[in-house]
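Below is one structure, written out as structure tokens; the observations come after it.
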Amino acid sequence: MAKNPKRTQAYPPEAPASRLQVAERTEAYGAAQSEGGGMRHWLNFRDVFQATPVTRIDLIRAGVNAADFKNFVSSLDIQQEKIFLMLDIATATVNRKASRNEPLSREDSEKVVGMAKLIGQVEAMLDESGDPEAMPGFDAARWLTSWMGQPVPALGGASPSQYMDTIEGQAMIARLLSAMQTGAYA
């Protein structure tokens, strides 16, 4: 498989996250409450992971608010441009739409929802196979974005970030995470 030349770097939980946990995360990532008091659903990563495909499709069609996405990305321990490049979302587009409080396109929203689903998968993996109480400060979003920049032997030495710009690539990363959970890849 040819590598994209612009890429230079690289279940079911016991209970869904409580409203308080979702509110804390949303506040930490700077996202606003939606009208009617509901949260921006894509920031509730576990719910996105557990959602039906129809629910995720509805979320994608509604569009991810660009300002919320930009605030979320700025909260990670990685440069915004690296996340935008990884997802193949134009920085100028995010900035323009964020300044106008507009949603991202369906194509870009699909990539963001796919990343949210992967973060939710990591959260569920920790609940299922780890000891969440032993890691109270663990941030699945930060861990995932850091891990995605590292070369992975199961990908022939490529980093997972090189595959995040397509839905098929994100599905491959999801399968890799599942394999890691079972110990198939050390």
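Scheme for the structure tokens: letters A, B, ... for chains in order shown; per-chain residue numbers from 1; ligand numbers from 1 in order shown.
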(request) Do a neighbour search on Asp139 of chain A at 10 Å with only C-alpha atoms, toss out local chain neighbours closer than 4 positions, and write the hits as a PyMOL selection string. (result) chain A and resi 25+76+119+122-123+135+143-144
Deliver the residues from the most recent selection as a file, using N, CA, C and O atoms, as a JSON list (two decimals), in the first residue's frame.
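Final file, again-v5.json:
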```
[["chain", "number", "residue", "atom", "x", "y", "z"],
["A", 25, "ARG", "N", -16.23, 16.41, 30.87],
["A", 25, "ARG", "CA", -15.40, 16.27, 29.68],
["A", 25, "ARG", "C", -15.73, 17.37, 28.68],
["A", 25, "ARG", "O", -14.85, 17.98, 28.10],
["A", 76, "LEU", "N", -5.85, 18.61, 23.31],
["A", 76, "LEU", "CA", -4.96, 17.45, 23.24],
["A", 76, "LEU", "C", -3.50, 17.88, 23.31],
["A", 76, "LEU", "O", -3.17, 19.03, 23.05],
["A", 119, "ILE", "N", -11.93, 6.69, 20.24],
["A", 119, "ILE", "CA", -11.67, 7.11, 21.62],
["A", 119, "ILE", "C", -12.60, 6.35, 22.56],
["A", 119, "ILE", "O", -12.19, 5.87, 23.61],
["A", 122, "VAL", "N", -11.36, 2.87, 23.14],
["A", 122, "VAL", "CA", -10.28, 2.81, 24.12],
["A", 122, "VAL", "C", -10.85, 2.92, 25.53],
["A", 122, "VAL", "O", -10.42, 2.18, 26.44],
["A", 123, "GLU", "N", -11.83, 3.80, 25.74],
["A", 123, "GLU", "CA", -12.46, 3.92, 27.05],
["A", 123, "GLU", "C", -13.10, 2.59, 27.46],
["A", 123, "GLU", "O", -12.96, 2.15, 28.60],
["A", 135, "MET", "N", -6.05, 4.03, 37.27],
["A", 135, "MET", "CA", -5.62, 5.07, 36.33],
["A", 135, "MET", "C", -6.64, 6.21, 36.32],
["A", 135, "MET", "O", -7.25, 6.50, 35.30],
["A", 143, "TRP", "N", -4.29, 9.63, 24.99],
["A", 143, "TRP", "CA", -3.53, 8.40, 24.77],
["A", 143, "TRP", "C", -3.63, 7.98, 23.30],
["A", 143, "TRP", "O", -2.61, 7.65, 22.68],
["A", 144, "LEU", "N", -4.83, 8.00, 22.76],
["A", 144, "LEU", "CA", -5.03, 7.55, 21.38],
["A", 144, "LEU", "C", -4.26, 8.41, 20.40],
["A", 144, "LEU", "O", -3.57, 7.89, 19.52]]
```
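Across A:Arg106, A:Asn71, A:Ala98, A:Val113, the tightest approach to Thr55 of chain A is made by A:Val113 when counting only C-alpha atoms.
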(request) Using only C-alpha atoms, find the one residue out of A:Gly156, A:Pro103, A:Gly130, A:Pro53 that sits nearest to Ala67 of chain A. (result) A:Pro103
(message) Which residues are near Gln121 of chain A? Cut-off 10 Å, only C-alpha atoms, ignore same chain within fewer than 6 positions. Put them as a list of chain:residue names.
(response) A:Tyr11, A:Pro12, A:Pro13, A:Phe45, A:Arg46, A:Asp47, A:Val48, A:Phe49, A:Gln50, A:Met115, A:Asp127, A:Ala140, A:Ala174, A:Leu177, A:Ser178
Residues of the last selection are to be written out with all heavy atoms, as a short mmCIF file (atom, residue, chain, number, x, y, z; two decimals), in the first residue's frame.
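Ended up saving to again24.cif:
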```cif
data_model
loop_
_atom_site.label_atom_id
_atom_site.label_comp_id
_atom_site.auth_asym_id
_atom_site.auth_seq_id
_atom_site.Cartn_x
_atom_site.Cartn_y
_atom_site.Cartn_z
N TYR A 11 -16.17 -4.48 25.38
CA TYR A 11 -17.03 -3.78 25.14
C TYR A 11 -18.33 -3.39 25.74
O TYR A 11 -18.40 -2.29 26.22
CB TYR A 11 -16.67 -3.05 24.12
CG TYR A 11 -15.31 -2.90 23.81
CD1 TYR A 11 -14.81 -3.60 22.73
CD2 TYR A 11 -14.52 -2.00 24.49
CE1 TYR A 11 -13.60 -3.30 22.27
CE2 TYR A 11 -13.29 -1.70 24.01
CZ TYR A 11 -12.85 -2.35 22.89
OH TYR A 11 -11.67 -2.04 22.37
N PRO A 12 -18.94 -3.64 25.63
CA PRO A 12 -19.99 -2.96 26.37
C PRO A 12 -19.54 -2.69 27.80
O PRO A 12 -19.24 -3.60 28.53
CB PRO A 12 -21.18 -3.92 26.36
CG PRO A 12 -20.82 -5.01 25.43
CD PRO A 12 -19.35 -4.95 25.20
N PRO A 13 -19.47 -1.48 28.22
CA PRO A 13 -19.03 -1.18 29.57
C PRO A 13 -20.12 -1.49 30.59
O PRO A 13 -21.25 -1.73 30.23
CB PRO A 13 -18.76 0.32 29.52
CG PRO A 13 -19.64 0.82 28.43
CD PRO A 13 -19.75 -0.31 27.44
N PHE A 45 -17.77 10.05 23.87
CA PHE A 45 -17.09 9.05 23.06
C PHE A 45 -17.64 7.64 23.26
O PHE A 45 -17.80 6.89 22.32
CB PHE A 45 -15.58 9.07 23.35
CG PHE A 45 -14.97 10.44 23.22
CD1 PHE A 45 -14.23 10.98 24.25
CD2 PHE A 45 -15.15 11.19 22.07
CE1 PHE A 45 -13.66 12.23 24.13
CE2 PHE A 45 -14.59 12.45 21.95
CZ PHE A 45 -13.85 12.98 22.98
N ARG A 46 -17.90 7.29 24.50
CA ARG A 46 -18.41 5.94 24.76
C ARG A 46 -19.76 5.74 24.08
O ARG A 46 -20.02 4.69 23.51
CB ARG A 46 -18.54 5.72 26.27
CG ARG A 46 -19.06 4.37 26.67
CD ARG A 46 -17.98 3.44 27.14
NE ARG A 46 -16.93 4.12 27.81
CZ ARG A 46 -16.66 4.04 29.10
NH1 ARG A 46 -17.38 3.30 29.87
NH2 ARG A 46 -15.64 4.67 29.62
N ASP A 47 -20.64 6.73 24.16
CA ASP A 47 -21.93 6.63 23.48
C ASP A 47 -21.76 6.51 21.97
O ASP A 47 -22.47 5.76 21.32
CB ASP A 47 -22.83 7.81 23.81
CG ASP A 47 -23.48 7.71 25.18
OD1 ASP A 47 -23.30 6.68 25.86
OD2 ASP A 47 -24.16 8.69 25.58
N VAL A 48 -20.82 7.24 21.41
CA VAL A 48 -20.56 7.15 19.96
C VAL A 48 -20.10 5.74 19.62
O VAL A 48 -20.56 5.15 18.65
CB VAL A 48 -19.53 8.20 19.51
CG1 VAL A 48 -19.13 7.97 18.06
CG2 VAL A 48 -20.10 9.61 19.68
N PHE A 49 -19.20 5.18 20.44
CA PHE A 49 -18.70 3.83 20.19
C PHE A 49 -19.83 2.81 20.26
O PHE A 49 -19.90 1.90 19.44
CB PHE A 49 -17.60 3.48 21.20
CG PHE A 49 -17.14 2.06 21.14
CD1 PHE A 49 -16.50 1.57 20.01
CD2 PHE A 49 -17.34 1.20 22.21
CE1 PHE A 49 -16.07 0.25 19.95
CE2 PHE A 49 -16.91 -0.12 22.17
CZ PHE A 49 -16.28 -0.59 21.03
N GLN A 50 -20.72 2.94 21.24
CA GLN A 50 -21.79 1.97 21.44
C GLN A 50 -23.01 2.22 20.56
O GLN A 50 -23.87 1.35 20.48
CB GLN A 50 -22.23 1.98 22.90
CG GLN A 50 -21.16 1.49 23.84
CD GLN A 50 -21.60 1.60 25.28
OE1 GLN A 50 -22.22 2.56 25.68
NE2 GLN A 50 -21.26 0.58 26.05
N MET A 115 -13.16 9.19 14.66
CA MET A 115 -12.13 9.33 15.69
C MET A 115 -12.78 9.26 17.08
O MET A 115 -12.22 8.62 17.98
CB MET A 115 -11.39 10.65 15.52
CG MET A 115 -10.27 10.84 16.51
SD MET A 115 -9.32 12.33 16.12
CE MET A 115 -8.20 12.37 17.49
N ASP A 127 -12.25 -0.16 30.61
CA ASP A 127 -13.25 -0.68 31.55
C ASP A 127 -13.30 -2.21 31.53
O ASP A 127 -13.46 -2.84 32.56
CB ASP A 127 -14.64 -0.14 31.22
CG ASP A 127 -14.83 1.28 31.72
OD1 ASP A 127 -13.99 1.76 32.51
OD2 ASP A 127 -15.82 1.91 31.32
N ALA A 140 -8.36 8.96 27.44
CA ALA A 140 -8.33 8.10 26.25
C ALA A 140 -8.03 8.90 24.99
O ALA A 140 -7.31 8.41 24.11
CB ALA A 140 -9.66 7.36 26.11
N ALA A 174 -9.51 0.32 14.38
CA ALA A 174 -10.42 -0.27 15.39
C ALA A 174 -10.14 -1.76 15.56
O ALA A 174 -10.10 -2.27 16.70
CB ALA A 174 -11.87 -0.03 15.01
N LEU A 177 -6.91 -2.14 17.52
CA LEU A 177 -7.12 -1.93 18.95
C LEU A 177 -7.76 -3.15 19.60
O LEU A 177 -7.36 -3.57 20.70
CB LEU A 177 -7.99 -0.69 19.19
CG LEU A 177 -7.33 0.67 18.93
CD1 LEU A 177 -8.37 1.78 18.90
CD2 LEU A 177 -6.23 0.95 19.94
N SER A 178 -8.72 -3.75 18.92
CA SER A 178 -9.37 -4.96 19.45
C SER A 178 -8.36 -6.10 19.57
O SER A 178 -8.36 -6.84 20.55
CB SER A 178 -10.53 -5.40 18.55
OG SER A 178 -11.57 -4.46 18.61
#
```
(message) From the options A:Thr166, A:Asn101, A:Gln150, A:Thr91, which residue's atoms come nearest to Val73 of chain A, counting only C-alpha atoms?
(response) A:Thr91
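Separating atom CA of Ile60 of chain A from atom CA of His41 of chain A is a distance of 10.5 Å.
Atom CA of Gly114 of chain A sits 11.4 Å away from atom CA of Met172 of chain A.
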When DSSP works through the backbone of this structure, what residues of segment 25-171 of chain A end up as alpha helix (DSSP H), shown as a short mmCIF file (atom, residue, chain, number, x, y, z; two decimals) with N, CA and C atoms, in the first residue's frame?
```
data_model
loop_
_atom_site.label_atom_id
_atom_site.label_comp_id
_atom_site.auth_asym_id
_atom_site.auth_seq_id
_atom_site.Cartn_x
_atom_site.Cartn_y
_atom_site.Cartn_z
N ARG A 25 -16.23 16.41 30.87
CA ARG A 25 -15.40 16.27 29.68
C ARG A 25 -15.73 17.37 28.68
N THR A 26 -17.00 17.63 28.48
CA THR A 26 -17.41 18.64 27.52
C THR A 26 -16.91 20.01 27.95
N GLU A 27 -17.00 20.29 29.24
CA GLU A 27 -16.49 21.56 29.74
C GLU A 27 -14.98 21.63 29.55
N ALA A 28 -14.29 20.53 29.82
CA ALA A 28 -12.83 20.51 29.67
C ALA A 28 -12.43 20.73 28.22
N TYR A 29 -13.20 20.20 27.28
CA TYR A 29 -12.88 20.36 25.87
C TYR A 29 -13.45 21.64 25.29
N PHE A 45 -17.77 10.05 23.87
CA PHE A 45 -17.09 9.05 23.06
C PHE A 45 -17.64 7.64 23.26
N ARG A 46 -17.90 7.29 24.50
CA ARG A 46 -18.41 5.94 24.76
C ARG A 46 -19.76 5.74 24.08
N ASP A 47 -20.64 6.73 24.16
CA ASP A 47 -21.93 6.63 23.48
C ASP A 47 -21.76 6.51 21.97
N VAL A 48 -20.82 7.24 21.41
CA VAL A 48 -20.56 7.15 19.96
C VAL A 48 -20.10 5.74 19.62
N PHE A 49 -19.20 5.18 20.44
CA PHE A 49 -18.70 3.83 20.19
C PHE A 49 -19.83 2.81 20.26
N GLN A 50 -20.72 2.94 21.24
CA GLN A 50 -21.79 1.97 21.44
C GLN A 50 -23.01 2.22 20.56
N PRO A 53 -25.14 2.08 13.97
CA PRO A 53 -24.70 2.81 12.78
C PRO A 53 -25.68 3.90 12.37
N VAL A 54 -26.98 3.65 12.51
CA VAL A 54 -27.98 4.65 12.13
C VAL A 54 -27.83 5.91 13.00
N THR A 55 -27.57 5.73 14.28
CA THR A 55 -27.38 6.87 15.17
C THR A 55 -26.14 7.67 14.77
N ARG A 56 -25.05 6.96 14.45
CA ARG A 56 -23.83 7.66 14.02
C ARG A 56 -24.05 8.36 12.69
N ILE A 57 -24.80 7.75 11.80
CA ILE A 57 -25.09 8.39 10.52
C ILE A 57 -25.87 9.68 10.74
N ASP A 58 -26.85 9.65 11.63
CA ASP A 58 -27.62 10.86 11.95
C ASP A 58 -26.70 11.95 12.51
N LEU A 59 -25.77 11.56 13.36
CA LEU A 59 -24.82 12.50 13.93
C LEU A 59 -23.94 13.12 12.84
N ILE A 60 -23.49 12.29 11.92
CA ILE A 60 -22.67 12.76 10.80
C ILE A 60 -23.47 13.71 9.92
N ARG A 61 -24.69 13.33 9.60
CA ARG A 61 -25.54 14.17 8.74
C ARG A 61 -25.84 15.52 9.39
N ALA A 62 -25.99 15.53 10.71
CA ALA A 62 -26.24 16.79 11.42
C ALA A 62 -25.01 17.68 11.38
N ALA A 66 -17.76 22.94 13.98
CA ALA A 66 -16.33 23.17 13.77
C ALA A 66 -15.66 23.79 14.99
N ALA A 67 -16.35 24.70 15.68
CA ALA A 67 -15.76 25.33 16.88
C ALA A 67 -15.57 24.29 17.98
N ASP A 68 -16.55 23.41 18.15
CA ASP A 68 -16.40 22.35 19.16
C ASP A 68 -15.23 21.44 18.81
N PHE A 69 -15.11 21.09 17.53
CA PHE A 69 -14.01 20.23 17.11
C PHE A 69 -12.67 20.92 17.36
N LYS A 70 -12.59 22.18 17.00
CA LYS A 70 -11.34 22.93 17.19
C LYS A 70 -10.99 23.02 18.68
N ASN A 71 -11.97 23.27 19.55
CA ASN A 71 -11.71 23.32 20.99
C ASN A 71 -11.25 21.96 21.51
N PHE A 72 -11.88 20.90 21.05
CA PHE A 72 -11.48 19.55 21.45
C PHE A 72 -10.03 19.29 21.06
N VAL A 73 -9.68 19.58 19.81
CA VAL A 73 -8.33 19.33 19.32
C VAL A 73 -7.31 20.15 20.10
N SER A 74 -7.66 21.39 20.43
CA SER A 74 -6.71 22.24 21.17
C SER A 74 -6.45 21.72 22.58
N GLN A 80 -2.65 21.22 16.70
CA GLN A 80 -3.90 21.12 15.94
C GLN A 80 -3.66 20.68 14.51
N GLU A 81 -2.65 21.25 13.89
CA GLU A 81 -2.40 20.96 12.49
C GLU A 81 -2.12 19.48 12.25
N LYS A 82 -1.50 18.82 13.23
CA LYS A 82 -1.22 17.39 13.07
C LYS A 82 -2.51 16.57 13.07
N ILE A 83 -3.46 16.95 13.91
CA ILE A 83 -4.75 16.25 13.92
C ILE A 83 -5.50 16.54 12.62
N PHE A 84 -5.50 17.80 12.19
CA PHE A 84 -6.18 18.14 10.94
C PHE A 84 -5.55 17.40 9.76
N LEU A 85 -4.23 17.32 9.74
CA LEU A 85 -3.53 16.60 8.67
C LEU A 85 -3.85 15.11 8.73
N MET A 86 -3.85 14.55 9.94
CA MET A 86 -4.13 13.13 10.12
C MET A 86 -5.52 12.79 9.57
N LEU A 87 -6.49 13.66 9.81
CA LEU A 87 -7.86 13.41 9.35
C LEU A 87 -8.10 13.96 7.95
N THR A 91 -7.13 23.00 7.60
CA THR A 91 -7.09 23.91 8.74
C THR A 91 -7.90 25.17 8.45
N ALA A 92 -7.75 25.72 7.27
CA ALA A 92 -8.47 26.95 6.91
C ALA A 92 -9.98 26.73 6.96
N THR A 93 -10.41 25.56 6.53
CA THR A 93 -11.84 25.24 6.57
C THR A 93 -12.35 25.19 8.00
N VAL A 94 -11.60 24.51 8.88
CA VAL A 94 -12.01 24.43 10.28
C VAL A 94 -12.06 25.82 10.89
N ASN A 95 -11.03 26.63 10.65
CA ASN A 95 -10.99 27.98 11.21
C ASN A 95 -12.14 28.84 10.70
N ARG A 96 -12.40 28.78 9.40
CA ARG A 96 -13.48 29.58 8.82
C ARG A 96 -14.82 29.17 9.38
N LYS A 97 -15.09 27.86 9.39
CA LYS A 97 -16.38 27.37 9.88
C LYS A 97 -16.53 27.59 11.39
N ALA A 98 -15.42 27.48 12.12
CA ALA A 98 -15.48 27.72 13.56
C ALA A 98 -15.82 29.19 13.84
N SER A 99 -15.23 30.11 13.07
CA SER A 99 -15.51 31.54 13.30
C SER A 99 -16.96 31.88 12.98
N ARG A 106 -20.20 16.83 5.71
CA ARG A 106 -20.48 15.43 6.06
C ARG A 106 -19.21 14.60 6.03
N GLU A 107 -18.41 14.80 4.99
CA GLU A 107 -17.17 14.02 4.86
C GLU A 107 -16.24 14.26 6.06
N ASP A 108 -16.06 15.52 6.44
CA ASP A 108 -15.20 15.83 7.57
C ASP A 108 -15.83 15.39 8.89
N SER A 109 -17.14 15.57 9.02
CA SER A 109 -17.85 15.11 10.23
C SER A 109 -17.71 13.61 10.40
N GLU A 110 -17.75 12.87 9.28
CA GLU A 110 -17.61 11.42 9.35
C GLU A 110 -16.25 11.02 9.91
N LYS A 111 -15.21 11.74 9.54
CA LYS A 111 -13.87 11.44 10.05
C LYS A 111 -13.78 11.75 11.55
N VAL A 112 -14.39 12.86 11.95
CA VAL A 112 -14.37 13.26 13.36
C VAL A 112 -15.17 12.26 14.20
N VAL A 113 -16.34 11.88 13.73
CA VAL A 113 -17.14 10.89 14.45
C VAL A 113 -16.40 9.56 14.52
N GLY A 114 -15.70 9.21 13.45
CA GLY A 114 -14.89 7.98 13.46
C GLY A 114 -13.79 8.03 14.51
N MET A 115 -13.16 9.19 14.66
CA MET A 115 -12.13 9.33 15.69
C MET A 115 -12.78 9.26 17.08
N ALA A 116 -13.93 9.89 17.25
CA ALA A 116 -14.64 9.82 18.53
C ALA A 116 -14.99 8.38 18.87
N LYS A 117 -15.38 7.62 17.87
CA LYS A 117 -15.71 6.21 18.08
C LYS A 117 -14.48 5.44 18.56
N LEU A 118 -13.32 5.73 18.00
CA LEU A 118 -12.08 5.06 18.43
C LEU A 118 -11.73 5.43 19.87
N ILE A 119 -11.93 6.69 20.24
CA ILE A 119 -11.67 7.11 21.62
C ILE A 119 -12.60 6.35 22.56
N GLY A 120 -13.87 6.24 22.17
CA GLY A 120 -14.83 5.49 22.96
C GLY A 120 -14.44 4.03 23.08
N GLN A 121 -13.86 3.48 22.02
CA GLN A 121 -13.41 2.08 22.06
C GLN A 121 -12.30 1.93 23.09
N VAL A 122 -11.36 2.87 23.14
CA VAL A 122 -10.28 2.81 24.12
C VAL A 122 -10.85 2.92 25.53
N GLU A 123 -11.83 3.80 25.74
CA GLU A 123 -12.46 3.92 27.05
C GLU A 123 -13.10 2.59 27.46
N ALA A 124 -13.80 1.97 26.52
CA ALA A 124 -14.46 0.69 26.81
C ALA A 124 -13.42 -0.40 27.08
N MET A 125 -12.32 -0.39 26.34
CA MET A 125 -11.26 -1.38 26.56
C MET A 125 -10.70 -1.27 27.98
N LEU A 126 -10.50 -0.06 28.44
CA LEU A 126 -9.97 0.14 29.79
C LEU A 126 -10.95 -0.42 30.83
N ASP A 127 -12.25 -0.16 30.61
CA ASP A 127 -13.25 -0.68 31.55
C ASP A 127 -13.30 -2.21 31.53
N GLU A 128 -13.17 -2.80 30.35
CA GLU A 128 -13.29 -4.24 30.21
C GLU A 128 -12.04 -4.99 30.62
N SER A 129 -10.89 -4.46 30.27
CA SER A 129 -9.65 -5.23 30.44
C SER A 129 -8.66 -4.60 31.40
N ALA A 140 -8.36 8.96 27.44
CA ALA A 140 -8.33 8.10 26.25
C ALA A 140 -8.03 8.90 24.99
N ALA A 141 -8.53 10.11 24.89
CA ALA A 141 -8.29 10.92 23.69
C ALA A 141 -6.80 11.26 23.56
N ARG A 142 -6.21 11.66 24.65
CA ARG A 142 -4.77 11.98 24.61
C ARG A 142 -3.93 10.74 24.35
N TRP A 143 -4.29 9.63 24.99
CA TRP A 143 -3.53 8.40 24.77
C TRP A 143 -3.63 7.98 23.30
N LEU A 144 -4.83 8.00 22.76
CA LEU A 144 -5.03 7.55 21.38
C LEU A 144 -4.26 8.41 20.40
N THR A 145 -4.33 9.74 20.55
CA THR A 145 -3.61 10.60 19.60
C THR A 145 -2.11 10.44 19.72
N SER A 146 -1.61 10.17 20.92
CA SER A 146 -0.18 9.91 21.08
C SER A 146 0.20 8.58 20.44
N TRP A 147 -0.57 7.53 20.72
CA TRP A 147 -0.30 6.20 20.16
C TRP A 147 -0.36 6.22 18.64
N MET A 148 -1.28 6.99 18.09
CA MET A 148 -1.44 7.01 16.63
C MET A 148 -0.22 7.58 15.91
N ILE A 167 -12.48 6.17 6.21
CA ILE A 167 -13.30 5.35 7.10
C ILE A 167 -12.77 3.93 7.13
N GLU A 168 -12.33 3.41 6.01
CA GLU A 168 -11.75 2.07 5.97
C GLU A 168 -10.49 2.00 6.83
N GLY A 169 -9.67 3.05 6.78
CA GLY A 169 -8.48 3.10 7.63
C GLY A 169 -8.84 3.14 9.10
N GLN A 170 -9.87 3.90 9.45
CA GLN A 170 -10.30 3.96 10.84
C GLN A 170 -10.84 2.61 11.30
N ALA A 171 -11.53 1.90 10.41
CA ALA A 171 -12.02 0.55 10.75
C ALA A 171 -10.83 -0.39 11.00
#
```
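We find atom CA of Ser161 of chain A and atom CA of Gly149 of chain A to be spaced 5.8 Å apart.
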